[in-house]
file data25.json (JSON, C-alpha atoms and all ligand atoms)
[["chain", "number", "residue", "atom", "x", "y", "z"],
["Q", 1, "MET", "CA", -4.43, 5.60, 6.37],
["Q", 2, "ASN", "CA", -4.21, 2.11, 5.57],
["Q", 3, "GLY", "CA", -4.81, -0.47, 3.08],
["Q", 4, "ILE", "CA", -5.53, -3.88, 2.62],
["Q", 5, "PHE", "CA", -5.74, -5.92, -0.37],
["Q", 6, "ALA", "CA", -3.37, -6.10, -3.14],
["Q", 7, "LYS", "CA", -4.93, -7.13, -6.27],
["Q", 8, "ARG", "CA", -3.61, -8.78, -9.27],
["Q", 9, "CYS", "CA", -4.72, -8.24, -12.73],
["Q", 10, "LEU", "CA", -7.56, -6.04, -12.53],
["Q", 11, "ALA", "CA", -9.05, -4.66, -15.51],
["Q", 12, "LEU", "CA", -12.25, -4.08, -14.01],
["Q", 13, "SER", "CA", -12.48, -4.17, -10.41],
["Q", 14, "LEU", "CA", -10.74, -3.72, -7.19],
["Q", 15, "ALA", "CA", -7.70, -4.76, -5.37],
["Q", 16, "ALA", "CA", -5.61, -3.45, -2.52],
["Q", 17, "VAL", "CA", -2.12, -3.34, -0.62],
["Q", 18, "LEU", "CA", 0.28, -2.48, 1.79],
["Q", 19, "ALA", "CA", 2.11, 0.46, 2.74],
["Q", 20, "VAL", "CA", 3.39, 2.07, 5.84],
["Q", 21, "GLY", "CA", 3.36, 5.66, 6.26],
["Q", 22, "VAL", "CA", 5.49, 7.95, 8.00],
["Q", 23, "ALA", "CA", 3.78, 11.15, 8.39],
["Q", 24, "PRO", "CA", 3.64, 12.15, 4.88],
["Q", 25, "ALA", "CA", 4.63, 8.81, 3.88],
["Q", 26, "ALA", "CA", 2.99, 5.61, 3.86],
["Q", 27, "MET", "CA", 4.78, 2.48, 3.08],
["Q", 28, "ALA", "CA", 4.01, -1.10, 3.27],
["Q", 29, "ALA", "CA", 5.74, -4.05, 4.50],
["Q", 30, "MET", "CA", 5.01, -7.47, 3.45],
["Q", 31, "ALA", "CA", 6.17, -10.80, 3.71],
["Q", 32, "ALA", "CA", 4.92, -13.63, 1.36],
["Q", 33, "LYS", "CA", 2.62, -16.40, -2.64],
["Q", 34, "LYS", "CA", -0.16, -17.88, -4.26],
["Q", 35, "PRO", "CA", -1.04, -20.53, -6.64],
["Q", 36, "LYS", "CA", 0.11, -19.68, -10.08],
["Q", 37, "VAL", "CA", -2.50, -17.48, -11.64],
["Q", 38, "GLU", "CA", -2.54, -17.08, -15.35],
["Q", 39, "PRO", "CA", -3.81, -13.57, -15.79],
["Q", 40, "ALA", "CA", -5.66, -12.63, -18.91],
["Q", 41, "PRO", "CA", -3.03, -11.48, -21.41],
["Q", 42, "ASP", "CA", -4.88, -8.24, -21.99],
["Q", 43, "TYR", "CA", -5.35, -7.05, -18.42],
["Q", 44, "LEU", "CA", -4.51, -3.47, -17.68],
["Q", 45, "THR", "CA", -2.59, -3.58, -14.45],
["Q", 46, "ASN", "CA", -2.11, -5.11, -11.05],
["Q", 47, "ASP", "CA", -3.00, -2.89, -8.12],
["Q", 48, "SER", "CA", -0.66, -3.17, -5.18],
["Q", 49, "HIS", "CA", -2.48, -0.76, -2.92],
["Q", 50, "PHE", "CA", -6.21, -0.72, -2.62],
["Q", 51, "HIS", "CA", -8.69, -0.35, 0.23],
["Q", 52, "LEU", "CA", -11.86, -2.34, 0.31],
["Q", 53, "THR", "CA", -13.21, -0.20, 3.12],
["Q", 54, "ASN", "CA", -13.16, 3.52, 3.89],
["Q", 55, "TYR", "CA", -12.51, 5.56, 7.05],
["Q", 56, "ILE", "CA", -15.86, 4.71, 8.53],
["Q", 57, "GLN", "CA", -15.36, 1.05, 7.77],
["Q", 58, "GLU", "CA", -17.49, 1.08, 4.66],
["Q", 59, "GLY", "CA", -14.40, -0.39, 3.29],
["Q", 60, "ILE", "CA", -10.84, 0.66, 5.31],
["Q", 61, "THR", "CA", -8.90, -0.75, 8.19],
["Q", 62, "LEU", "CA", -7.91, 2.36, 9.94],
["Q", 63, "GLN", "CA", -10.89, 3.84, 11.64],
["Q", 64, "GLN", "CA", -11.29, 7.56, 12.16],
["Q", 65, "GLN", "CA", -12.60, 8.11, 15.63],
["Q", 66, "TRP", "CA", -15.85, 10.05, 15.68],
["Q", 67, "SER", "CA", -15.21, 12.21, 18.70],
["Q", 68, "HIS", "CA", -18.22, 14.31, 19.63],
["Q", 69, "ARG", "CA", -15.90, 16.40, 21.79],
["Q", 70, "VAL", "CA", -13.87, 17.34, 18.70],
["Q", 71, "THR", "CA", -16.36, 17.55, 15.88],
["Q", 72, "GLY", "CA", -19.74, 17.95, 17.54],
["Q", 73, "ASP", "CA", -22.62, 16.54, 15.59],
["Q", 74, "GLY", "CA", -20.74, 16.39, 12.28],
["Q", 75, "ALA", "CA", -19.32, 12.90, 12.05],
["Q", 76, "PRO", "CA", -16.09, 12.88, 10.06],
["Q", 77, "THR", "CA", -15.76, 10.48, 7.16],
["Q", 78, "TYR", "CA", -12.19, 11.31, 6.13],
["Q", 79, "TYR", "CA", -9.03, 11.34, 8.21],
["Q", 80, "LEU", "CA", -8.32, 15.03, 7.57],
["Q", 81, "ASP", "CA", -11.85, 16.08, 8.50],
["Q", 82, "THR", "CA", -10.94, 16.12, 12.15],
["Q", 83, "ASP", "CA", -8.08, 16.40, 14.64],
["Q", 84, "ALA", "CA", -9.38, 13.41, 16.53],
["Q", 85, "PRO", "CA", -6.92, 10.54, 16.46],
["Q", 86, "LEU", "CA", -7.05, 7.63, 14.07],
["Q", 87, "TYR", "CA", -7.29, 4.28, 15.72],
["Q", 88, "TYR", "CA", -7.16, 0.72, 14.57],
["Q", 89, "TYR", "CA", -10.49, -0.82, 13.85],
["Q", 90, "SER", "CA", -10.01, -4.13, 15.54],
["Q", 91, "PHE", "CA", -12.47, -6.22, 13.54],
["Q", 92, "THR", "CA", -11.18, -5.36, 10.11],
["Q", 93, "ASP", "CA", -8.75, -8.25, 9.54],
["Q", 94, "ALA", "CA", -11.26, -10.85, 10.67],
["Q", 95, "TYR", "CA", -13.87, -9.31, 8.39],
["Q", 96, "ILE", "CA", -11.51, -9.21, 5.40],
["Q", 97, "ALA", "CA", -10.38, -12.80, 6.06],
["Q", 98, "GLN", "CA", -13.97, -14.03, 6.12],
["Q", 99, "GLN", "CA", -14.82, -12.24, 2.89],
["Q", 100, "TYR", "CA", -11.67, -13.60, 1.26],
["Q", 101, "LEU", "CA", -12.32, -17.18, 2.36],
["Q", 102, "ALA", "CA", -15.87, -16.96, 1.00],
["Q", 103, "LEU", "CA", -14.50, -16.36, -2.51],
["Q", 104, "PRO", "CA", -14.08, -19.25, -4.94],
["Q", 105, "PRO", "CA", -10.39, -20.26, -5.33],
["Q", 106, "LYS", "CA", -10.02, -18.61, -8.72],
["Q", 107, "ASP", "CA", -11.04, -15.26, -7.26],
["Q", 108, "ARG", "CA", -8.96, -15.75, -4.13],
["Q", 109, "ALA", "CA", -5.92, -16.16, -6.36],
["Q", 110, "ARG", "CA", -6.42, -12.59, -7.50],
["Q", 111, "PHE", "CA", -6.09, -10.98, -4.08],
["Q", 112, "ASP", "CA", -3.29, -10.67, -1.59],
["Q", 113, "PRO", "CA", -4.88, -9.40, 1.62],
["Q", 114, "MET", "CA", -2.69, -7.59, 4.11],
["Q", 115, "ILE", "CA", -3.02, -7.32, 7.88],
["Q", 116, "THR", "CA", -3.80, -3.75, 8.87],
["Q", 117, "GLY", "CA", -5.91, -3.71, 12.02],
["Q", 118, "PHE", "CA", -3.14, -3.22, 14.55],
["Q", 119, "ASN", "CA", -1.22, -0.45, 16.20],
["Q", 120, "PRO", "CA", 2.41, -0.60, 14.99],
["Q", 121, "THR", "CA", 3.55, 1.32, 18.06],
["Q", 122, "ASP", "CA", 2.14, -1.29, 20.44],
["Q", 123, "MET", "CA", 5.00, -3.37, 21.90],
["Q", 124, "TYR", "CA", 2.87, -6.47, 21.36],
["Q", 125, "ALA", "CA", 1.94, -5.65, 17.77],
["Q", 126, "ALA", "CA", 4.13, -8.48, 16.44],
["Q", 127, "ASP", "CA", 2.31, -10.95, 18.70],
["Q", 128, "HIS", "CA", -0.97, -9.70, 17.33],
["Q", 129, "ILE", "CA", 0.22, -10.25, 13.75],
["Q", 130, "ARG", "CA", 1.34, -13.80, 14.57],
["Q", 131, "ARG", "CA", -2.08, -14.49, 16.10],
["Q", 132, "VAL", "CA", -3.91, -13.20, 13.00],
["Q", 133, "LEU", "CA", -1.81, -15.46, 10.76],
["Q", 134, "GLN", "CA", -2.45, -18.47, 12.97],
["Q", 135, "THR", "CA", -6.17, -17.75, 13.18],
["Q", 136, "PHE", "CA", -6.58, -17.27, 9.43],
["Q", 137, "PRO", "CA", -3.87, -19.36, 7.77],
["Q", 138, "GLY", "CA", -3.80, -19.16, 4.00],
["Q", 139, "VAL", "CA", -5.17, -15.63, 3.83],
["Q", 140, "PHE", "CA", -2.67, -12.86, 4.40],
["Q", 141, "SER", "CA", 0.52, -11.99, 2.54],
["Q", 142, "GLY", "CA", 1.95, -9.27, 4.74],
["Q", 143, "ILE", "CA", 1.13, -6.18, 6.75],
["Q", 144, "GLY", "CA", 0.15, -2.63, 5.90],
["Q", 145, "GLU", "CA", -0.63, -0.10, 4.76],
["Q", 146, "PHE", "CA", 0.08, 1.51, 8.07],
["Q", 147, "SER", "CA", 1.07, 5.01, 8.96],
["Q", 148, "ILE", "CA", 3.56, 5.98, 11.57],
["Q", 149, "HIS", "CA", 2.53, 9.61, 11.81],
["Q", 150, "LYS", "CA", -0.64, 11.29, 10.70],
["Q", 151, "GLU", "CA", 0.59, 13.53, 7.92],
["Q", 152, "GLY", "CA", 1.15, 17.18, 8.45],
["Q", 153, "ARG", "CA", 4.85, 17.93, 8.76],
["Q", 154, "ASP", "CA", 7.15, 18.02, 5.85],
["Q", 155, "ARG", "CA", 10.21, 15.78, 6.16],
["Q", 156, "ALA", "CA", 9.96, 16.00, 9.91],
["Q", 157, "TYR", "CA", 10.66, 12.34, 10.49],
["Q", 158, "LEU", "CA", 12.82, 11.47, 7.52],
["Q", 159, "GLU", "CA", 15.93, 10.39, 9.42],
["Q", 160, "GLU", "CA", 13.98, 8.28, 11.89],
["Q", 161, "PHE", "CA", 12.17, 6.71, 9.00],
["Q", 162, "ARG", "CA", 15.34, 5.90, 7.12],
["Q", 163, "SER", "CA", 16.85, 4.24, 10.14],
["Q", 164, "LEU", "CA", 13.65, 2.24, 10.61],
["Q", 165, "LEU", "CA", 13.95, 0.98, 7.03],
["Q", 166, "LYS", "CA", 17.58, 0.08, 7.62],
["Q", 167, "ARG", "CA", 16.77, -1.95, 10.69],
["Q", 168, "HIS", "CA", 14.63, -4.37, 8.63],
["Q", 169, "PRO", "CA", 16.71, -5.45, 5.65],
["Q", 170, "GLN", "CA", 14.95, -8.82, 5.47],
["Q", 171, "THR", "CA", 11.53, -7.23, 5.08],
["Q", 172, "THR", "CA", 10.24, -6.16, 1.71],
["Q", 173, "ILE", "CA", 8.90, -2.66, 2.24],
["Q", 174, "ILE", "CA", 6.83, -0.53, -0.08],
["Q", 175, "TRP", "CA", 6.82, 3.15, 0.75],
["Q", 176, "ALA", "CA", 3.43, 4.43, -0.30],
["Q", 177, "HIS", "CA", 2.62, 7.46, -2.41],
["Q", 178, "LEU", "CA", 6.30, 8.11, -3.10],
["Q", 179, "GLY", "CA", 6.34, 9.59, 0.37],
["Q", 180, "VAL", "CA", 4.00, 12.50, -0.24],
["Q", 181, "GLY", "CA", 0.53, 13.16, 1.12],
["Q", 182, "ARG", "CA", -2.59, 15.17, 0.56],
["Q", 183, "VAL", "CA", -1.30, 18.12, 2.56],
["Q", 184, "VAL", "CA", 2.37, 17.27, 2.31],
["Q", 185, "ALA", "CA", 3.68, 18.47, -1.00],
["Q", 186, "PRO", "CA", 6.94, 16.97, -2.13],
["Q", 187, "ALA", "CA", 9.63, 19.17, -0.61],
["Q", 188, "LYS", "CA", 12.18, 20.64, -2.92],
["Q", 189, "GLY", "CA", 14.57, 17.87, -3.67],
["Q", 190, "HIS", "CA", 12.05, 15.17, -2.75],
["Q", 191, "LEU", "CA", 12.94, 13.04, -5.75],
["Q", 192, "ASP", "CA", 16.58, 13.35, -4.70],
["Q", 193, "ILE", "CA", 15.67, 11.72, -1.39],
["Q", 194, "VAL", "CA", 13.90, 8.93, -3.28],
["Q", 195, "GLU", "CA", 16.89, 8.51, -5.58],
["Q", 196, "GLU", "CA", 19.29, 8.36, -2.67],
["Q", 197, "ILE", "CA", 17.32, 5.45, -1.25],
["Q", 198, "LEU", "CA", 17.16, 3.69, -4.62],
["Q", 199, "ASN", "CA", 20.88, 4.11, -5.00],
["Q", 200, "ASP", "CA", 21.90, 2.85, -1.57],
["Q", 201, "PRO", "CA", 22.40, -0.92, -1.21],
["Q", 202, "ALA", "CA", 21.28, -0.60, 2.42],
["Q", 203, "PHE", "CA", 17.79, 0.09, 1.04],
["Q", 204, "ALA", "CA", 17.70, -2.65, -1.59],
["Q", 205, "HIS", "CA", 14.57, -4.04, 0.11],
["Q", 206, "VAL", "CA", 12.67, -0.74, -0.23],
["Q", 207, "TYR", "CA", 10.23, -0.07, -3.08],
["Q", 208, "PHE", "CA", 7.94, 2.83, -3.89],
["Q", 209, "ASP", "CA", 4.35, 2.91, -4.97],
["Q", 210, "ILE", "CA", 3.00, 5.78, -7.06],
["Q", 211, "SER", "CA", -0.55, 5.40, -5.82],
["Q", 212, "TRP", "CA", -3.11, 8.00, -4.92],
["Q", 213, "ASP", "CA", -4.59, 10.84, -6.95],
["Q", 214, "GLN", "CA", -3.04, 13.19, -4.41],
["Q", 215, "ALA", "CA", 0.47, 12.00, -5.26],
["Q", 216, "ALA", "CA", -0.34, 11.91, -8.97],
["Q", 217, "LYS", "CA", -1.40, 15.54, -8.90],
["Q", 218, "TYR", "CA", 2.16, 16.55, -7.96],
["Q", 219, "ILE", "CA", 3.78, 14.24, -10.49],
["Q", 220, "ILE", "CA", 1.72, 15.58, -13.38],
["Q", 221, "ALA", "CA", 1.60, 19.18, -12.11],
["Q", 222, "THR", "CA", 4.19, 20.38, -14.65],
["Q", 223, "PRO", "CA", 5.92, 18.78, -17.63],
["Q", 224, "GLU", "CA", 9.20, 19.15, -15.71],
["Q", 225, "ALA", "CA", 7.90, 17.27, -12.67],
["Q", 226, "THR", "CA", 6.54, 14.50, -14.90],
["Q", 227, "ALA", "CA", 9.79, 14.24, -16.87],
["Q", 228, "LYS", "CA", 11.91, 14.11, -13.72],
["Q", 229, "THR", "CA", 9.75, 11.40, -12.17],
["Q", 230, "ALA", "CA", 9.68, 9.40, -15.41],
["Q", 231, "ALA", "CA", 13.46, 9.57, -15.71],
["Q", 232, "LEU", "CA", 13.86, 8.18, -12.19],
["Q", 233, "ILE", "CA", 11.37, 5.36, -12.79],
["Q", 234, "ASN", "CA", 13.01, 4.45, -16.10],
["Q", 235, "GLN", "CA", 16.34, 4.33, -14.28],
["Q", 236, "TYR", "CA", 15.01, 2.02, -11.54],
["Q", 237, "PRO", "CA", 12.15, 0.16, -13.24],
["Q", 238, "ASP", "CA", 12.18, -2.72, -10.74],
["Q", 239, "ARG", "CA", 11.55, -0.49, -7.74],
["Q", 240, "PHE", "CA", 8.21, 1.18, -8.51],
["Q", 241, "LEU", "CA", 4.65, -0.16, -8.45],
["Q", 242, "PHE", "CA", 1.50, 1.30, -9.85],
["Q", 243, "CYS", "CA", -1.56, 1.16, -7.63],
["Q", 244, "THR", "CA", -4.66, 3.20, -7.07],
["Q", 245, "ASP", "CA", -4.98, 3.62, -3.29],
["Q", 246, "GLU", "CA", -8.66, 3.90, -4.03],
["Q", 247, "VAL", "CA", -10.88, 3.56, -0.99],
["Q", 248, "ALA", "CA", -14.06, 1.59, -1.56],
["Q", 249, "PRO", "CA", -14.68, 3.13, -5.02],
["Q", 250, "PRO", "CA", -18.34, 3.07, -6.05],
["Q", 251, "ASP", "CA", -17.66, 2.21, -9.68],
["Q", 252, "GLN", "CA", -14.93, 1.39, -12.17],
["Q", 253, "ALA", "CA", -14.63, 4.92, -13.51],
["Q", 254, "LYS", "CA", -13.71, 6.20, -10.06],
["Q", 255, "TYR", "CA", -11.50, 3.21, -9.50],
["Q", 256, "LEU", "CA", -9.43, 3.82, -12.64],
["Q", 257, "LYS", "CA", -9.24, 7.59, -12.29],
["Q", 258, "VAL", "CA", -5.62, 7.54, -11.07],
["Q", 259, "PHE", "CA", -4.59, 5.16, -13.81],
["Q", 260, "TYR", "CA", -5.68, 7.62, -16.49],
["Q", 261, "GLN", "CA", -4.48, 10.60, -14.49],
["Q", 262, "TYR", "CA", -1.02, 9.16, -15.09],
["Q", 263, "ASP", "CA", -1.33, 9.24, -18.90],
["Q", 264, "PRO", "CA", 1.38, 11.94, -19.17],
["Q", 265, "LEU", "CA", 3.70, 9.75, -17.08],
["Q", 266, "TRP", "CA", 2.93, 6.53, -18.98],
["Q", 267, "ALA", "CA", 3.83, 8.36, -22.18],
["Q", 268, "LEU", "CA", 7.36, 8.99, -20.91],
["Q", 269, "LEU", "CA", 8.12, 5.47, -19.66],
["Q", 270, "THR", "CA", 9.70, 2.80, -21.81],
["Q", 271, "THR", "CA", 7.56, -0.19, -22.79],
["Q", 272, "GLU", "CA", 9.65, -2.39, -20.52],
["Q", 273, "THR", "CA", 9.27, -0.02, -17.58],
["Q", 274, "VAL", "CA", 5.49, 0.21, -18.02],
["Q", 275, "GLN", "CA", 5.25, -3.58, -17.99],
["Q", 276, "LYS", "CA", 7.23, -3.79, -14.75],
["Q", 277, "VAL", "CA", 5.53, -0.93, -12.95],
["Q", 278, "ARG", "CA", 1.99, -2.02, -13.81],
["Q", 279, "LYS", "CA", 2.36, -5.79, -13.65],
["Q", 280, "ASP", "CA", 5.67, -7.58, -13.14],
["Q", 281, "ASN", "CA", 6.97, -5.93, -9.98],
["Q", 282, "TYR", "CA", 3.72, -6.66, -8.21],
["Q", 283, "ALA", "CA", 3.69, -10.28, -9.29],
["Q", 284, "ARG", "CA", 7.31, -10.80, -8.27],
["Q", 285, "LEU", "CA", 7.04, -9.22, -4.83],
["Q", 286, "PHE", "CA", 3.65, -10.52, -3.80],
["Q", 287, "ASP", "CA", 4.18, -14.03, -5.14],
["Q", 288, "ALA", "CA", 7.34, -14.22, -3.07],
["Q", 289, "ALA", "CA", 5.51, -12.78, -0.06],
["Q", 290, "ARG", "CA", 2.81, -15.44, -0.25],
["Q", 291, "VAL", "CA", 5.36, -18.22, -0.33],
["Q", 292, "LYS", "CA", 7.13, -16.86, 2.73],
["Q", 293, "VAL", "CA", 3.99, -16.33, 4.78],
["Q", 294, "ARG", "CA", 2.55, -19.76, 3.91],
["Q", 295, "ALA", "CA", 5.86, -21.31, 4.98],
["Q", 296, "TRP", "CA", 5.79, -19.40, 8.26],
["Q", 297, "GLU", "CA", 2.22, -20.53, 8.90],
["Q", 298, "LYS", "CA", 3.18, -24.13, 8.29],
["Q", 299, "ALA", "CA", 6.11, -23.90, 10.68],
["Q", 300, "ASN", "CA", 4.06, -22.07, 13.33],
["Q", 301, "PRO", "CA", 0.58, -23.60, 13.49],
["Q", 302, "ALA", "CA", -1.98, -22.36, 16.00],
["Q", 303, "GLY", "CA", -1.46, -23.64, 19.51],
["Q", 304, "GLN", "CA", 2.32, -23.66, 19.31],
["S", 401, "ZN", "ZN", -3.71, 3.70, 1.18]]
call {"tool": "encode", "arguments": {"input": "data25.json", "output": "structure tokens"}}
result
Amino acid sequence: MNGIFAKRCLALSLAAVLAVGVAPAAMAAMAAKKPKVEPAPDYLTNDSHFHLTNYIQEGITLQQQWSHRVTGDGAPTYYLDTDAPLYYYSFTDAYIAQQYLALPPKDRARFDPMITGFNPTDMYAADHIRRVLQTFPGVFSGIGEFSIHKEGRDRAYLEEFRSLLKRHPQTTIIWAHLGVGRVVAPAKGHLDIVEEILNDPAFAHVYFDISWDQAAKYIIATPEATAKTAALINQYPDRFLFCTDEVAPPDQAKYLKVFYQYDPLWALLTTETVQKVRKDNYARLFDAARVKVRAWEKANPAGQ
């Protein structure tokens, strides 16, 4: 799946992010800042992972192919509705950029759009990303959410994924959904894998988002699971981000469902940790990403 906008200070609306996924996992990579925004002091949270569009482009960047050969007359609207492959909806970044640029500056300052409409396995994917930045300077802050494998196999690609993370120490990476998926339950010891990464200086550039109702359902499944997760987040409060991973939600109640689903978790986090996970980590990472991307755009204008 994949995401798009990261949003700052939402209390009532939408936002979106970045994340790359490895099979079960999704994570996001980003690069770059924005004019200083003074958020309302009473806002609820930032949202580092949010999709403005869904799998049939009523809002998402990754398009589920409607293959008549696979699903007959029933057109799928969700990526697990079909075995047909996902593909990258090529118009999505241009569409998002146009919508973003049409916003007044004060609203633009509240979003950090990410580039998502590309195939990360294409050898020329990096060229594509450069071209998007040069075509729409001043818009994007990074790339992702993108998935490396459609989910389905537990831990199957963990080692490959870890070595991928290690190869990009200069890239800020957010691993989405804590590495779990709708059909990929956290394997026994999953939090140990997360902790190992948090503990290893080779992964100091790797962060985790706790988005998605499907990840939340595992975290709040039992008091033990919630307590174990809370202990880890309290131990590494700078490395986790709250976000919804909502996909084109129709209203605010649906949009904030995950936020309230996490009530048992919020109750076990320290005040300082809550502040970081909901607000400060997002602001720190995405502000820095904006600065870096704007600088790159300045140094690499179109036509160079
Ligand atoms: Zn997502």
call {"tool": "atom_distance", "arguments": {"input": "data25.json", "atom1": "atom CA of Asp280 of chain Q", "atom2": "atom CA of Lys298 of chain Q"}}
result
27.2 Å
call {"tool": "closest_residue", "arguments": {"input": "data25.json", "among": "Q:Phe118, Q:Phe286, Q:Tyr43, Q:Trp266", "to": "Ala230 of chain Q", "atoms": "all atoms listed in the file"}}
result
Q:Trp266
call {"tool": "residues_near_point", "arguments": {"input": "data25.json", "point": "(17.9, -4.7, 5.6)", "cutoff": "10 Å", "atoms": "all atoms listed in the file", "output": "PyMOL selection string"}}
result
chain Q and resi 164-173+201-206
call {"tool": "atom_distance", "arguments": {"input": "data25.json", "atom1": "atom CA of Ala126 of chain Q", "atom2": "atom CA of Asn300 of chain Q"}}
result
13.9 Å
call {"tool": "closest_residue", "arguments": {"input": "data25.json", "among": "Q:Trp175, Q:Phe240, Q:Trp212, Q:Tyr207", "to": "ligand ZN 401 (chain S)", "atoms": "all atoms listed in the file"}}
result
Q:Trp212
call {"tool": "decode", "arguments": {"input": "data25.json", "residues": "segment 176-232 of chain Q", "atoms": "C-alpha atoms", "output": "PDB file, in the first residue's frame"}}
result
ATOM      1  CA  ALA Q 176       5.212   1.491   8.846  1.00  0.00           C
ATOM      2  CA  HIS Q 177       2.756  -0.333  11.064  1.00  0.00           C
ATOM      3  CA  LEU Q 178       5.543  -1.564  13.337  1.00  0.00           C
ATOM      4  CA  GLY Q 179       6.168  -4.119  10.626  1.00  0.00           C
ATOM      5  CA  VAL Q 180       2.885  -5.988  10.874  1.00  0.00           C
ATOM      6  CA  GLY Q 181       0.033  -6.232   8.395  1.00  0.00           C
ATOM      7  CA  ARG Q 182      -3.601  -7.117   8.071  1.00  0.00           C
ATOM      8  CA  VAL Q 183      -2.881 -10.793   7.514  1.00  0.00           C
ATOM      9  CA  VAL Q 184       0.582 -10.805   9.045  1.00  0.00           C
ATOM     10  CA  ALA Q 185       0.256 -11.066  12.781  1.00  0.00           C
ATOM     11  CA  PRO Q 186       3.292 -10.091  14.772  1.00  0.00           C
ATOM     12  CA  ALA Q 187       5.372 -13.252  15.032  1.00  0.00           C
ATOM     13  CA  LYS Q 188       6.362 -14.399  18.460  1.00  0.00           C
ATOM     14  CA  GLY Q 189       9.204 -12.190  19.465  1.00  0.00           C
ATOM     15  CA  HIS Q 190       8.232  -9.466  17.003  1.00  0.00           C
ATOM     16  CA  LEU Q 191       8.818  -6.706  19.523  1.00  0.00           C
ATOM     17  CA  ASP Q 192      12.238  -8.218  20.164  1.00  0.00           C
ATOM     18  CA  ILE Q 193      13.066  -7.665  16.495  1.00  0.00           C
ATOM     19  CA  VAL Q 194      11.896  -4.064  16.799  1.00  0.00           C
ATOM     20  CA  GLU Q 195      13.942  -3.590  19.959  1.00  0.00           C
ATOM     21  CA  GLU Q 196      17.035  -5.043  18.337  1.00  0.00           C
ATOM     22  CA  ILE Q 197      16.776  -2.424  15.612  1.00  0.00           C
ATOM     23  CA  LEU Q 198      16.190   0.385  18.117  1.00  0.00           C
ATOM     24  CA  ASN Q 199      19.193  -0.751  20.074  1.00  0.00           C
ATOM     25  CA  ASP Q 200      21.621  -1.046  17.178  1.00  0.00           C
ATOM     26  CA  PRO Q 201      23.502   2.137  16.201  1.00  0.00           C
ATOM     27  CA  ALA Q 202      23.563   0.859  12.610  1.00  0.00           C
ATOM     28  CA  PHE Q 203      19.805   1.539  12.549  1.00  0.00           C
ATOM     29  CA  ALA Q 204      19.859   4.961  14.214  1.00  0.00           C
ATOM     30  CA  HIS Q 205      18.134   6.374  11.106  1.00  0.00           C
ATOM     31  CA  VAL Q 206      15.187   3.958  11.386  1.00  0.00           C
ATOM     32  CA  TYR Q 207      11.900   4.910  13.056  1.00  0.00           C
ATOM     33  CA  PHE Q 208       8.600   3.110  13.498  1.00  0.00           C
ATOM     34  CA  ASP Q 209       5.075   4.268  12.998  1.00  0.00           C
ATOM     35  CA  ILE Q 210       2.213   2.713  14.945  1.00  0.00           C
ATOM     36  CA  SER Q 211      -0.386   3.467  12.306  1.00  0.00           C
ATOM     37  CA  TRP Q 212      -3.278   1.412  11.054  1.00  0.00           C
ATOM     38  CA  ASP Q 213      -6.220  -0.105  12.894  1.00  0.00           C
ATOM     39  CA  GLN Q 214      -4.875  -3.493  11.820  1.00  0.00           C
ATOM     40  CA  ALA Q 215      -1.640  -2.955  13.742  1.00  0.00           C
ATOM     41  CA  ALA Q 216      -3.498  -1.391  16.662  1.00  0.00           C
ATOM     42  CA  LYS Q 217      -5.685  -4.458  16.998  1.00  0.00           C
ATOM     43  CA  TYR Q 218      -2.613  -6.555  17.863  1.00  0.00           C
ATOM     44  CA  ILE Q 219      -1.182  -3.969  20.228  1.00  0.00           C
ATOM     45  CA  ILE Q 220      -4.383  -3.687  22.240  1.00  0.00           C
ATOM     46  CA  ALA Q 221      -5.350  -7.367  21.900  1.00  0.00           C
ATOM     47  CA  THR Q 222      -4.299  -8.191  25.475  1.00  0.00           C
ATOM     48  CA  PRO Q 223      -3.157  -6.122  28.453  1.00  0.00           C
ATOM     49  CA  GLU Q 224       0.202  -7.908  28.180  1.00  0.00           C
ATOM     50  CA  ALA Q 225       0.688  -6.942  24.533  1.00  0.00           C
ATOM     51  CA  THR Q 226      -0.238  -3.337  25.313  1.00  0.00           C
ATOM     52  CA  ALA Q 227       2.086  -3.187  28.325  1.00  0.00           C
ATOM     53  CA  LYS Q 228       5.004  -4.669  26.380  1.00  0.00           C
ATOM     54  CA  THR Q 229       4.544  -2.234  23.513  1.00  0.00           C
ATOM     55  CA  ALA Q 230       4.163   0.721  25.879  1.00  0.00           C
ATOM     56  CA  ALA Q 231       7.339  -0.231  27.736  1.00  0.00           C
ATOM     57  CA  LEU Q 232       9.289  -0.287  24.474  1.00  0.00           C
TER      58      LEU Q 232
END
